[in-house]
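**Student:** Input file: final-v4.txt. Contents: compact mmCIF, C-alpha atoms.
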# COMPACT_ATOMS: atom_id res chain seq x y z
CA MET A 1 18.09 -3.26 -32.90
CA ASN A 2 17.90 0.53 -32.86
CA THR A 3 19.61 2.90 -30.43
CA ALA A 4 16.54 3.30 -28.25
CA ASN A 5 16.25 -0.45 -27.87
CA ASN A 6 19.96 -0.73 -27.09
CA ASN A 7 19.66 1.90 -24.39
CA GLU A 8 16.64 0.17 -22.94
CA ARG A 9 18.45 -3.16 -22.96
CA SER A 10 21.54 -1.66 -21.29
CA GLU A 11 19.37 -0.09 -18.65
CA ILE A 12 17.55 -3.34 -18.00
CA GLU A 13 20.83 -5.23 -17.89
CA GLY A 14 22.09 -2.78 -15.28
CA LEU A 15 19.15 -3.72 -13.08
CA LEU A 16 19.73 -7.48 -13.24
CA PRO A 17 21.83 -7.68 -10.02
CA TRP A 18 19.06 -6.01 -8.03
CA HIS A 19 16.42 -8.12 -9.74
CA ALA A 20 18.29 -11.26 -8.71
CA ALA A 21 18.58 -9.97 -5.14
CA GLY A 22 14.90 -9.08 -5.05
CA THR A 23 15.46 -5.42 -4.23
CA LEU A 24 13.86 -3.79 -7.23
CA GLY A 25 10.62 -1.85 -7.06
CA HIS A 26 7.46 -3.25 -8.60
CA ARG A 27 7.68 -1.27 -11.83
CA ASP A 28 11.31 -2.13 -12.53
CA THR A 29 10.67 -5.77 -11.65
CA GLN A 30 7.96 -5.92 -14.29
CA ARG A 31 10.22 -4.24 -16.86
CA VAL A 32 13.02 -6.71 -16.20
CA GLU A 33 10.75 -9.72 -16.26
CA ALA A 34 9.19 -8.65 -19.55
CA ALA A 35 12.65 -8.14 -21.08
CA LEU A 36 13.92 -11.49 -19.79
CA ALA A 37 10.94 -13.25 -21.29
CA SER A 38 11.59 -11.82 -24.75
CA ASP A 39 15.40 -11.66 -24.89
CA PRO A 40 17.27 -14.98 -24.64
CA GLU A 41 20.70 -13.32 -24.52
CA LEU A 42 19.57 -11.16 -21.59
CA ALA A 43 18.22 -14.29 -19.91
CA ARG A 44 21.62 -15.97 -20.37
CA ARG A 45 23.35 -12.98 -18.78
CA TYR A 46 20.85 -13.07 -15.94
CA GLU A 47 22.02 -16.59 -15.17
CA LEU A 48 25.56 -15.20 -14.80
CA VAL A 49 24.25 -12.67 -12.32
CA ARG A 50 22.49 -15.40 -10.35
CA GLU A 51 25.75 -17.36 -10.20
CA GLU A 52 27.53 -14.29 -8.84
CA LEU A 53 24.80 -13.76 -6.29
CA ALA A 54 24.95 -17.37 -5.08
CA GLN A 55 28.73 -17.37 -4.78
CA THR A 56 28.85 -13.98 -3.06
CA ILE A 57 26.41 -15.24 -0.44
CA HIS A 58 28.39 -18.46 -0.08
CA LEU A 59 31.66 -16.59 0.26
CA ASN A 60 30.27 -14.27 2.93
CA GLU A 61 28.66 -17.11 4.83
CA THR A 62 31.99 -18.90 5.06
CA LEU A 63 33.59 -15.88 6.71
CA GLY A 64 32.39 -17.06 10.09
CA ALA A 65 31.35 -14.87 12.97
CA PRO A 66 33.19 -12.69 15.42
CA SER A 67 34.16 -14.09 18.81
CA SER A 68 32.39 -13.09 21.99
CA ARG A 69 35.29 -10.69 22.55
CA ALA A 70 33.54 -8.16 20.30
CA MET A 71 30.41 -8.09 22.41
CA ALA A 72 32.39 -8.00 25.65
CA ALA A 73 34.46 -5.09 24.33
CA LEU A 74 31.33 -3.24 23.24
CA PHE A 75 29.56 -3.50 26.57
CA ALA A 76 32.72 -2.64 28.48
CA LYS A 77 32.85 0.56 26.43
CA ILE A 78 29.16 1.22 26.99
CA ASP A 79 29.62 0.76 30.73
CA ALA A 80 32.44 3.27 30.61
CA GLU A 81 30.21 5.84 28.91
CA PRO A 82 28.82 8.70 31.00
CA ALA A 83 25.52 7.76 32.59
CA ARG A 84 22.67 8.54 30.26
CA ASN A 85 19.73 10.58 31.51
CA LYS A 86 17.28 7.97 32.55
CA VAL A 87 13.82 8.19 31.14
CA ALA A 88 12.25 7.80 34.54
CA SER A 89 13.96 10.78 36.07
CA ILE A 90 14.10 13.28 33.24
CA ASN A 91 11.96 12.55 30.24
CA LEU A 92 8.67 12.02 31.99
CA GLY A 93 6.63 13.10 28.99
CA ALA A 94 8.29 10.57 26.72
CA ARG A 95 7.77 7.83 29.28
CA ILE A 96 4.11 8.66 29.59
CA ARG A 97 3.69 8.84 25.82
CA ALA A 98 5.40 5.45 25.50
CA PHE A 99 3.13 4.04 28.19
CA PHE A 100 -0.04 5.19 26.47
CA ALA A 101 1.28 4.28 23.05
CA SER A 102 1.67 0.72 24.28
CA LEU A 103 -2.09 0.56 24.81
CA SER A 104 -4.23 0.12 21.75
CA PRO A 105 -6.91 2.76 21.10
CA ARG A 106 -9.49 0.04 21.50
CA THR A 107 -8.08 -0.91 24.91
CA LEU A 108 -8.13 2.68 26.02
CA ALA A 109 -11.64 3.31 24.75
CA TRP A 110 -13.04 0.05 26.08
CA SER A 111 -11.45 0.29 29.48
CA THR A 112 -12.76 3.82 29.93
CA SER A 113 -16.25 3.60 28.49
CA ALA A 114 -17.21 0.16 29.80
CA ALA A 115 -16.22 1.14 33.30
CA ALA A 116 -17.95 4.49 33.50
CA LEU A 117 -20.59 3.32 35.91
CA ALA A 118 -18.11 1.50 38.09
CA ILE A 119 -15.98 4.62 38.22
CA LEU A 120 -18.83 6.74 39.47
CA LEU A 121 -19.54 4.18 42.16
CA GLN A 122 -15.85 3.99 43.01
CA ALA A 123 -15.61 7.75 43.17
CA GLY A 124 -18.45 7.86 45.62
CA LEU A 125 -16.84 5.18 47.72
CA ILE A 126 -13.47 6.89 47.66
CA ALA A 127 -14.94 10.23 48.61
CA GLY A 128 -16.86 8.56 51.41
CA ILE A 129 -13.76 6.83 52.64
CA ILE A 130 -11.78 10.03 52.64
CA LEU A 131 -14.43 11.92 54.52
CA LYS A 132 -15.06 9.20 57.04
CA GLU A 133 -11.63 7.73 57.54
CA LYS A 134 -10.89 9.91 60.52
CA ASN A 135 -14.00 8.72 62.30
CA VAL A 136 -14.31 5.13 61.15
CA GLY A 137 -11.13 3.29 61.96
CA GLY A 138 -10.26 -0.12 60.63
CA TYR A 139 -11.97 0.05 57.18
CA GLU A 140 -9.80 0.03 54.07
CA THR A 141 -10.43 -0.74 50.42
CA ALA A 142 -8.80 -3.97 49.35
CA SER A 143 -6.66 -2.23 46.74
CA ALA A 144 -5.63 0.83 48.68
CA PRO A 145 -2.01 0.84 49.83
CA THR A 146 -1.89 1.24 53.58
CA ASN A 147 1.41 3.01 53.90
CA VAL A 148 1.31 5.86 51.43
CA ALA A 149 -1.15 8.17 53.06
CA GLY A 150 1.46 10.63 54.15
CA ALA A 151 3.60 10.42 51.00
CA GLY A 152 1.81 13.10 48.99
CA ALA A 153 -1.48 14.33 47.56
CA TYR A 154 -3.20 12.08 45.05
CA ALA A 155 -6.20 12.03 42.77
CA LEU A 156 -7.94 9.33 40.82
CA ILE A 157 -8.47 10.22 37.22
CA ARG A 158 -10.12 8.80 34.15
CA PHE A 159 -9.30 10.32 30.80
CA GLN A 160 -11.73 11.06 28.01
CA PRO A 161 -11.74 8.15 25.51
CA GLN A 162 -11.04 10.53 22.63
CA ALA A 163 -8.02 12.11 24.34
CA SER A 164 -4.82 11.27 22.51
CA ALA A 165 -1.69 10.04 24.25
CA ALA A 166 -0.01 13.33 23.37
CA ASP A 167 -2.87 15.33 24.93
CA ILE A 168 -2.66 13.28 28.11
CA ALA A 169 1.11 13.54 28.30
CA ASN A 170 0.84 17.28 27.79
CA PHE A 171 -1.84 17.58 30.47
CA LEU A 172 0.30 15.67 32.98
CA GLU A 173 3.40 17.66 32.19
CA THR A 174 1.65 21.02 32.30
CA ASN A 175 0.10 20.29 35.67
CA LYS A 176 3.22 18.59 37.08
CA LEU A 177 1.35 15.36 37.65
CA SER A 178 2.79 11.88 37.61
CA ILE A 179 0.99 8.58 37.32
CA SER A 180 1.72 6.44 40.34
CA ASP A 181 -0.62 3.54 39.66
CA GLY A 182 -3.17 2.18 37.25
CA PRO A 183 -5.09 1.69 35.22
CA SER A 184 -7.47 -0.13 37.52
CA ALA A 185 -10.19 -2.32 36.11
CA GLY A 186 -12.35 0.78 35.82
CA GLY A 187 -9.77 2.66 33.76
CA LEU A 188 -8.76 4.83 36.69
CA TYR A 189 -5.25 6.14 37.19
CA ARG A 190 -3.85 7.29 40.47
CA VAL A 191 -1.92 10.50 39.91
CA ARG A 192 0.26 12.39 42.34
CA ILE A 193 -0.62 16.05 42.59
CA ALA A 194 1.98 17.07 45.14
CA ALA A 195 4.90 15.43 46.91
CA THR A 196 3.53 16.42 50.27
CA LYS A 197 0.07 16.20 51.75
CA LEU A 198 -2.06 19.28 51.03
CA PRO A 199 -4.87 20.87 53.02
CA LYS A 200 -8.22 19.63 51.76
CA ALA A 201 -9.27 23.08 50.58
CA ASP A 202 -6.15 23.34 48.41
CA LEU A 203 -6.65 19.88 47.03
CA ASP A 204 -10.30 20.61 46.21
CA ARG A 205 -9.27 23.76 44.39
CA ILE A 206 -6.60 21.93 42.32
CA VAL A 207 -8.93 19.08 41.46
CA LYS A 208 -11.62 21.53 40.43
CA THR A 209 -9.17 23.26 38.09
CA LEU A 210 -7.97 19.97 36.64
CA ARG A 211 -11.56 18.89 36.05
CA GLU A 212 -11.92 21.73 33.54
CA ASP A 213 -9.31 20.20 31.23
CA LYS A 214 -10.73 18.60 28.09
CA VAL A 215 -8.79 15.36 28.56
CA VAL A 216 -10.37 14.68 31.97
CA GLY A 217 -13.44 12.46 32.07
CA PHE A 218 -13.50 12.10 35.79
CA ILE A 219 -11.31 13.20 38.66
CA GLY A 220 -11.69 12.76 42.38
CA ILE A 221 -9.45 13.12 45.38
CA ALA A 222 -7.73 9.92 46.37
CA GLU A 223 -6.30 8.97 49.70
CA MET B 1 5.51 -14.26 16.13
CA GLN B 2 6.16 -10.55 15.74
CA THR B 3 9.66 -9.31 16.50
CA THR B 4 10.50 -5.85 17.69
CA SER B 5 11.54 -3.70 14.76
CA ASP B 6 15.02 -2.26 14.55
CA GLU B 7 13.51 1.22 14.71
CA VAL B 8 11.81 0.45 18.02
CA LEU B 9 15.06 -0.97 19.36
CA ILE B 10 16.88 2.20 18.38
CA GLY B 11 14.27 4.22 20.28
CA ARG B 12 14.90 2.13 23.37
CA ILE B 13 18.65 2.37 22.95
CA ALA B 14 18.29 6.15 22.79
CA SER B 15 16.83 6.02 26.28
CA GLY B 16 19.71 3.92 27.55
CA ASP B 17 18.23 0.41 27.30
CA ARG B 18 21.19 -2.01 27.32
CA LEU B 19 18.98 -5.00 26.62
CA ALA B 20 17.73 -3.40 23.41
CA MET B 21 21.38 -2.89 22.49
CA GLN B 22 22.05 -6.58 23.05
CA VAL B 23 19.12 -7.53 20.84
CA LEU B 24 20.25 -5.21 18.05
CA PHE B 25 23.80 -6.51 18.35
CA ALA B 26 22.66 -10.14 18.23
CA ARG B 27 20.55 -9.36 15.17
CA HIS B 28 23.15 -7.58 13.07
CA HIS B 29 26.68 -8.10 14.32
CA VAL B 30 27.54 -11.05 12.09
CA ARG B 31 26.62 -9.25 8.88
CA ILE B 32 28.35 -6.08 9.95
CA TYR B 33 31.41 -8.14 10.87
CA ARG B 34 31.46 -9.83 7.48
CA PHE B 35 31.05 -6.53 5.69
CA VAL B 36 34.03 -4.95 7.42
CA LEU B 37 36.08 -8.15 7.28
CA ARG B 38 35.74 -8.18 3.50
CA MET B 39 37.07 -4.65 3.51
CA VAL B 40 39.88 -4.80 6.06
CA ARG B 41 40.78 -8.49 5.59
CA ASN B 42 41.81 -8.95 9.18
CA GLU B 43 39.62 -10.73 11.72
CA ALA B 44 40.98 -8.97 14.82
CA THR B 45 40.58 -5.57 13.19
CA ALA B 46 37.07 -6.46 12.04
CA GLU B 47 36.12 -7.47 15.58
CA ASP B 48 37.47 -4.22 16.95
CA LEU B 49 35.54 -2.34 14.32
CA ILE B 50 32.17 -3.89 15.05
CA SER B 51 32.39 -2.96 18.71
CA GLU B 52 33.18 0.59 17.55
CA VAL B 53 30.28 0.56 15.09
CA PHE B 54 27.81 -0.52 17.75
CA LEU B 55 29.25 1.94 20.24
CA ASP B 56 28.48 4.67 17.69
CA VAL B 57 24.95 3.28 17.42
CA TRP B 58 24.64 3.51 21.21
CA ARG B 59 25.88 7.10 21.17
CA GLN B 60 23.99 8.28 18.10
CA ALA B 61 20.69 6.42 18.56
CA GLU B 62 18.99 9.59 19.73
CA LYS B 63 19.88 11.29 16.45
CA PHE B 64 18.64 8.46 14.22
CA GLU B 65 15.81 9.91 12.15
CA GLY B 66 14.61 6.80 10.40
CA ARG B 67 15.28 8.11 6.91
CA SER B 68 16.93 4.80 6.08
CA ALA B 69 16.70 1.29 7.44
CA VAL B 70 18.69 0.75 10.62
CA SER B 71 20.84 -1.88 8.88
CA THR B 72 21.65 0.63 6.13
CA TRP B 73 22.61 3.24 8.72
CA MET B 74 24.87 0.77 10.52
CA LEU B 75 26.53 -0.31 7.26
CA SER B 76 27.29 3.36 6.56
CA ILE B 77 28.97 3.68 9.94
CA ALA B 78 30.83 0.40 9.41
CA ARG B 79 32.02 1.44 5.99
CA PHE B 80 33.31 4.76 7.27
CA LYS B 81 35.24 3.06 10.04
CA ALA B 82 36.64 0.36 7.76
CA LEU B 83 37.80 2.99 5.27
CA SER B 84 39.48 4.91 8.08
CA VAL B 85 41.42 1.79 9.00
CA LEU B 86 42.38 1.23 5.37
CA ARG B 87 43.54 4.81 5.04
CA ARG B 88 45.65 4.48 8.14
CA ARG B 89 47.18 1.34 6.76
CA GLY B 90 47.61 2.84 3.31
CA GLU B 91 46.02 -0.26 1.93
CA GLU B 92 43.84 1.46 -0.58
CA GLU B 93 46.88 2.36 -2.64
CA LEU B 94 48.22 -1.14 -2.19
CA ASP B 95 44.99 -2.77 -3.22
CA ASP B 96 46.12 -3.74 -6.67
CA GLU B 97 49.31 -5.16 -5.22
CA THR B 98 47.22 -7.17 -2.76
CA ALA B 99 45.12 -8.47 -5.60
CA GLY B 100 48.25 -9.34 -7.50
CA ALA B 101 49.64 -11.21 -4.55
CA ILE B 102 46.47 -13.23 -4.23
CA GLU B 103 46.48 -13.87 -7.93
CA ASP B 104 49.91 -15.43 -7.63
CA GLN B 105 48.47 -17.97 -5.26
CA ALA B 106 46.27 -19.21 -8.06
CA ASP B 107 48.98 -21.56 -9.16
CA ASP B 108 48.99 -23.43 -5.87
CA PRO B 109 48.03 -27.09 -6.25
CA GLU B 110 45.00 -26.60 -4.01
CA VAL B 111 43.77 -23.76 -6.11
CA THR B 112 44.39 -25.68 -9.30
CA LEU B 113 42.18 -28.41 -7.90
CA ALA B 114 39.57 -25.84 -6.99
CA LYS B 115 39.50 -24.66 -10.59
CA LYS B 116 37.45 -27.72 -11.36
CA ASP B 117 34.70 -26.11 -9.39
CA LYS B 118 33.48 -23.00 -11.16
CA GLY B 119 31.82 -21.76 -8.00
CA ALA B 120 35.06 -21.97 -6.04
CA VAL B 121 36.90 -20.08 -8.75
CA LEU B 122 34.21 -17.42 -8.79
CA GLN B 123 34.53 -17.03 -5.04
CA GLN B 124 38.28 -16.76 -5.37
CA CYS B 125 37.90 -14.06 -7.99
CA LEU B 126 35.45 -12.18 -5.75
CA THR B 127 38.22 -11.90 -3.16
CA LYS B 128 40.54 -10.41 -5.79
CA LEU B 129 38.35 -7.44 -6.59
CA SER B 130 39.37 -3.99 -5.42
CA THR B 131 37.89 -2.67 -2.16
CA GLU B 132 35.49 -0.49 -4.12
CA HIS B 133 34.25 -3.36 -6.26
CA ARG B 134 34.09 -5.89 -3.40
CA GLU B 135 32.08 -3.42 -1.41
CA ILE B 136 29.41 -2.83 -4.02
CA ILE B 137 29.09 -6.51 -4.91
CA ASP B 138 28.64 -7.38 -1.23
CA LEU B 139 26.14 -4.61 -0.61
CA VAL B 140 23.98 -5.62 -3.56
CA TYR B 141 24.25 -9.41 -3.43
CA TYR B 142 24.84 -10.24 0.23
CA HIS B 143 23.41 -7.32 2.16
CA GLN B 144 20.56 -7.00 -0.35
CA LYS B 145 20.61 -3.25 -0.56
CA SER B 146 18.64 -1.40 -3.21
CA VAL B 147 20.23 1.07 -5.62
CA GLU B 148 19.03 3.92 -3.41
CA GLU B 149 20.38 2.33 -0.23
CA VAL B 150 23.77 1.60 -1.76
CA ALA B 151 23.92 5.21 -2.91
CA GLY B 152 23.23 6.29 0.66
CA ILE B 153 25.81 3.98 2.20
CA VAL B 154 28.59 4.69 -0.27
CA GLY B 155 27.73 8.34 -0.75
CA ILE B 156 27.47 8.34 -4.55
CA PRO B 157 24.62 9.08 -6.99
CA GLU B 158 22.30 6.22 -7.92
CA ALA B 159 23.49 6.28 -11.54
CA THR B 160 27.05 5.83 -10.30
CA VAL B 161 25.95 2.87 -8.20
CA LYS B 162 24.73 1.11 -11.35
CA THR B 163 27.86 2.02 -13.30
CA ARG B 164 30.14 0.88 -10.50
CA MET B 165 28.28 -2.40 -10.22
CA PHE B 166 28.67 -2.92 -13.95
CA TYR B 167 32.42 -2.36 -13.77
CA ALA B 168 32.75 -4.58 -10.71
CA ARG B 169 31.04 -7.39 -12.60
CA LYS B 170 33.11 -6.68 -15.69
CA LYS B 171 36.29 -6.96 -13.63
CA LEU B 172 35.00 -10.20 -12.16
CA SER B 173 34.52 -11.59 -15.67
CA GLU B 174 38.06 -10.59 -16.59
CA LEU B 175 39.45 -12.33 -13.52
CA LEU B 176 37.44 -15.43 -14.39
CA LYS B 177 38.72 -15.34 -17.93
CA ALA B 178 42.27 -15.18 -16.61
CA GLN B 179 41.46 -18.36 -14.69
CA GLY B 180 40.27 -20.04 -17.85
CA ILE B 181 36.56 -19.44 -17.49
CA ASP B 182 35.11 -17.38 -20.32
CA ARG B 183 31.56 -16.33 -19.57
CA GLY B 184 31.04 -14.65 -22.93
CA TRP B 185 30.31 -11.39 -21.16
CA PRO B 186 30.77 -8.45 -21.41
For this file, write the structure as structure tokens.

**Tutor:**
Amino acid sequence: MNTANNNERSEIEGLLPWHAAGTLGHRDTQRVEAALASDPELARRYELVREELAQTIHLNETLGAPSSRAMAALFAKIDAEPARNKVASINLGARIRAFFASLSPRTLAWSTSAAALAILLQAGLIAGIILKEKNVGGYETASAPTNVAGAGAYALIRFQPQASAADIANFLETNKLSISDGPSAGGLYRVRIAATKLPKADLDRIVKTLREDKVVGFIGIAE
Amino acid sequence: MQTTSDEVLIGRIASGDRLAMQVLFARHHVRIYRFVLRMVRNEATAEDLISEVFLDVWRQAEKFEGRSAVSTWMLSIARFKALSVLRRRGEEELDDETAGAIEDQADDPEVTLAKKDKGAVLQQCLTKLSTEHREIIDLVYYHQKSVEEVAGIVGIPEATVKTRMFYARKKLSELLKAQGIDRGWP
């Protein structure tokens, strides 16, 4: 056997532990398998490696497990840590991105496009309700909360199907909006525009501005 | 059934999710415990260490960049902490003495009986290896880490990983030979 072959064999032999553990890449696996098939001495040494592997696993498995004290100590320490900035209060953008990321693109696209007609009808109804609510007492939509009217200014919004989660998160952050409910069956989200109720003229102006954004498919004032 | 990946759990932990921390702990604490126990050889110390390791995970989750597997990252933390304990104890210098002391036990009747079982002798010899050699054998065989991952955990070049593994196995063969088992290698 020449020097090149010796080097190759040494290199292959060095890989045997990882081959036995199944952690070699495809190319190296093929090299080792080819060498093992043609070199009986290497195959014999590979059996030694497999013995070592089996006994190392056995030895480790007989070491047992830690008591519950370890977990108790860990969570006592975690509880003693300074309170972490909660996602809900600080990292709104991340929360929104996570929320949209949890929806598949197909879900987003389907829920928005399939409901387009319903949304238009809903929008008309909502607008009608808003305009008439002062004069027509006693009528409420089944889904509308009855006790939030004075809690802020809201809009109903449907996003463009092609808008990415990042675009939407950016849009909400830029305009200081937060999602308070949704999506409804029609793919509508209820977003809070302001913490306090706004005059209708102001609300109209804000909604008109928001409507210009490329991520917005539909937006209408909500109660 | 699809389980939540370690990377997703780390993301949740970064935002302060204790439940995600519990899941990650349940998933990995036994292996981490065994890894440090093999290094520090003391159960109470190993238990203390794993709570410290996972506390570091809790604190550092936000900085985890996903360049390595989560288990590899945690083993790196565990190794660092175990080595700190060993340094404090001065055990690294005493390692050969420790091995020698264990070797003396080989003449016990129980051990003599165990010699009939090659596997038991091999396991006994595995416990006699130096910290450095035990560590690499465990990482490769038990924790199933690739050459690259071991290099990352131990902080040595990949070529050195292979060389160290070779010498660890060579030492194992010598210990076996001393126990009357000649493997004909190296």

**Student:** At a cut-off of 9 Å, list the chain A residues touching chain B, using only C-alpha atoms, as a VMD selection string.

**Tutor:** chain A and resid 14 to 15 17 to 18 20 to 25 45 48 to 49 51 to 61 63 to 67 69 to 75 77 to 78 81 83 to 87

**Student:** Write to file, as a CSV table (one decimal), in the coordinates of the input, the residues of the selection just made, with C-alpha atoms.

**Tutor:**
chain,number,residue,atom,x,y,z
A,14,GLY,CA,22.1,-2.8,-15.3
A,15,LEU,CA,19.2,-3.7,-13.1
A,17,PRO,CA,21.8,-7.7,-10.0
A,18,TRP,CA,19.1,-6.0,-8.0
A,20,ALA,CA,18.3,-11.3,-8.7
A,21,ALA,CA,18.6,-10.0,-5.1
A,22,GLY,CA,14.9,-9.1,-5.0
A,23,THR,CA,15.5,-5.4,-4.2
A,24,LEU,CA,13.9,-3.8,-7.2
A,25,GLY,CA,10.6,-1.8,-7.1
A,45,ARG,CA,23.4,-13.0,-18.8
A,48,LEU,CA,25.6,-15.2,-14.8
A,49,VAL,CA,24.2,-12.7,-12.3
A,51,GLU,CA,25.8,-17.4,-10.2
A,52,GLU,CA,27.5,-14.3,-8.8
A,53,LEU,CA,24.8,-13.8,-6.3
A,54,ALA,CA,25.0,-17.4,-5.1
A,55,GLN,CA,28.7,-17.4,-4.8
A,56,THR,CA,28.8,-14.0,-3.1
A,57,ILE,CA,26.4,-15.2,-0.4
A,58,HIS,CA,28.4,-18.5,-0.1
A,59,LEU,CA,31.7,-16.6,0.3
A,60,ASN,CA,30.3,-14.3,2.9
A,61,GLU,CA,28.7,-17.1,4.8
A,63,LEU,CA,33.6,-15.9,6.7
A,64,GLY,CA,32.4,-17.1,10.1
A,65,ALA,CA,31.4,-14.9,13.0
A,66,PRO,CA,33.2,-12.7,15.4
A,67,SER,CA,34.2,-14.1,18.8
A,69,ARG,CA,35.3,-10.7,22.6
A,70,ALA,CA,33.5,-8.2,20.3
A,71,MET,CA,30.4,-8.1,22.4
A,72,ALA,CA,32.4,-8.0,25.6
A,73,ALA,CA,34.5,-5.1,24.3
A,74,LEU,CA,31.3,-3.2,23.2
A,75,PHE,CA,29.6,-3.5,26.6
A,77,LYS,CA,32.8,0.6,26.4
A,78,ILE,CA,29.2,1.2,27.0
A,81,GLU,CA,30.2,5.8,28.9
A,83,ALA,CA,25.5,7.8,32.6
A,84,ARG,CA,22.7,8.5,30.3
A,85,ASN,CA,19.7,10.6,31.5
A,86,LYS,CA,17.3,8.0,32.6
A,87,VAL,CA,13.8,8.2,31.1

**Student:** If I take CA of Val40 (chain B) and CA of Ala82 (chain B), how far is one from the other in Å, to one decimal?

**Tutor:**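 That distance, rounded to one decimal, is 6.3 Å.
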
**Student:** Can you tell me which residues surround region 211-220 of chain A at a distance of at most 7 Å, considering all atoms listed in the file, apart from same-chain residues fewer than 4 positions away, and format the answer as a PyMOL selection string?

**Tutor:** chain A and resi 123+155-160+163+167-168+207

**Student:** How many Å lie between CA of Ile221 (chain A) and CA of Tyr154 (chain A), rounded to one decimal?

**Tutor:**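 CA of Tyr154 (chain A) lies 6.3 Å from CA of Ile221 (chain A).
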
**Student:** Within 7 Å of region 30-40 of chain A, counting all atoms listed in the file, which residues show up once you throw out same-chain ones fewer than 4 positions away? Write them as a list in words, please.

**Tutor:**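 Near region 30-40 of chain A, the qualifying residues are Ile12, His26 and Arg44 of chain A.
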
**Student:** Report, in Å with one decimal, the straight-line distance from CA of Asn42 (chain B) to CA of Val154 (chain B).

**Tutor:**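 Going from CA of Asn42 (chain B) over to CA of Val154 (chain B) covers 21.2 Å.
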
**Student:** Would you mind writing region 152-163 of chain B with N, CA, C and O atoms, as a PDB file, keeping the file's coordinate frame?

**Tutor:**
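Output (selection-v7.pdb):
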ATOM      1  N   GLY B 152      23.159   5.659  -0.662  1.00  0.00           N
ATOM      2  CA  GLY B 152      23.230   6.290   0.660  1.00  0.00           C
ATOM      3  C   GLY B 152      24.421   5.825   1.460  1.00  0.00           C
ATOM      4  O   GLY B 152      25.083   6.617   2.131  1.00  0.00           O
ATOM      5  N   ILE B 153      24.698   4.537   1.411  1.00  0.00           N
ATOM      6  CA  ILE B 153      25.810   3.980   2.200  1.00  0.00           C
ATOM      7  C   ILE B 153      27.151   4.453   1.659  1.00  0.00           C
ATOM      8  O   ILE B 153      28.037   4.875   2.395  1.00  0.00           O
ATOM      9  N   VAL B 154      27.292   4.371   0.347  1.00  0.00           N
ATOM     10  CA  VAL B 154      28.590   4.690  -0.270  1.00  0.00           C
ATOM     11  C   VAL B 154      28.762   6.189  -0.487  1.00  0.00           C
ATOM     12  O   VAL B 154      29.879   6.684  -0.594  1.00  0.00           O
ATOM     13  N   GLY B 155      27.649   6.890  -0.555  1.00  0.00           N
ATOM     14  CA  GLY B 155      27.730   8.340  -0.750  1.00  0.00           C
ATOM     15  C   GLY B 155      27.977   8.734  -2.195  1.00  0.00           C
ATOM     16  O   GLY B 155      28.766   9.635  -2.480  1.00  0.00           O
ATOM     17  N   ILE B 156      27.336   8.031  -3.112  1.00  0.00           N
ATOM     18  CA  ILE B 156      27.470   8.340  -4.550  1.00  0.00           C
ATOM     19  C   ILE B 156      26.070   8.384  -5.165  1.00  0.00           C
ATOM     20  O   ILE B 156      25.130   7.822  -4.609  1.00  0.00           O
ATOM     21  N   PRO B 157      25.941   9.045  -6.341  1.00  0.00           N
ATOM     22  CA  PRO B 157      24.620   9.080  -6.990  1.00  0.00           C
ATOM     23  C   PRO B 157      24.171   7.682  -7.422  1.00  0.00           C
ATOM     24  O   PRO B 157      25.005   6.791  -7.633  1.00  0.00           O
ATOM     25  N   GLU B 158      22.856   7.535  -7.552  1.00  0.00           N
ATOM     26  CA  GLU B 158      22.300   6.220  -7.920  1.00  0.00           C
ATOM     27  C   GLU B 158      22.830   5.737  -9.269  1.00  0.00           C
ATOM     28  O   GLU B 158      23.090   4.551  -9.464  1.00  0.00           O
ATOM     29  N   ALA B 159      22.979   6.677 -10.218  1.00  0.00           N
ATOM     30  CA  ALA B 159      23.490   6.280 -11.540  1.00  0.00           C
ATOM     31  C   ALA B 159      24.911   5.724 -11.412  1.00  0.00           C
ATOM     32  O   ALA B 159      25.282   4.757 -12.090  1.00  0.00           O
ATOM     33  N   THR B 160      25.682   6.307 -10.510  1.00  0.00           N
ATOM     34  CA  THR B 160      27.050   5.830 -10.300  1.00  0.00           C
ATOM     35  C   THR B 160      27.061   4.444  -9.655  1.00  0.00           C
ATOM     36  O   THR B 160      27.952   3.625  -9.926  1.00  0.00           O
ATOM     37  N   VAL B 161      26.066   4.195  -8.829  1.00  0.00           N
ATOM     38  CA  VAL B 161      25.950   2.870  -8.200  1.00  0.00           C
ATOM     39  C   VAL B 161      25.832   1.809  -9.300  1.00  0.00           C
ATOM     40  O   VAL B 161      26.531   0.794  -9.292  1.00  0.00           O
ATOM     41  N   LYS B 162      24.944   2.086 -10.273  1.00  0.00           N
ATOM     42  CA  LYS B 162      24.730   1.110 -11.350  1.00  0.00           C
ATOM     43  C   LYS B 162      25.991   0.952 -12.195  1.00  0.00           C
ATOM     44  O   LYS B 162      26.370  -0.160 -12.572  1.00  0.00           O
ATOM     45  N   THR B 163      26.627   2.080 -12.490  1.00  0.00           N
ATOM     46  CA  THR B 163      27.860   2.020 -13.300  1.00  0.00           C
ATOM     47  C   THR B 163      28.952   1.256 -12.571  1.00  0.00           C
ATOM     48  O   THR B 163      29.634   0.403 -13.158  1.00  0.00           O
TER      49      THR B 163
END
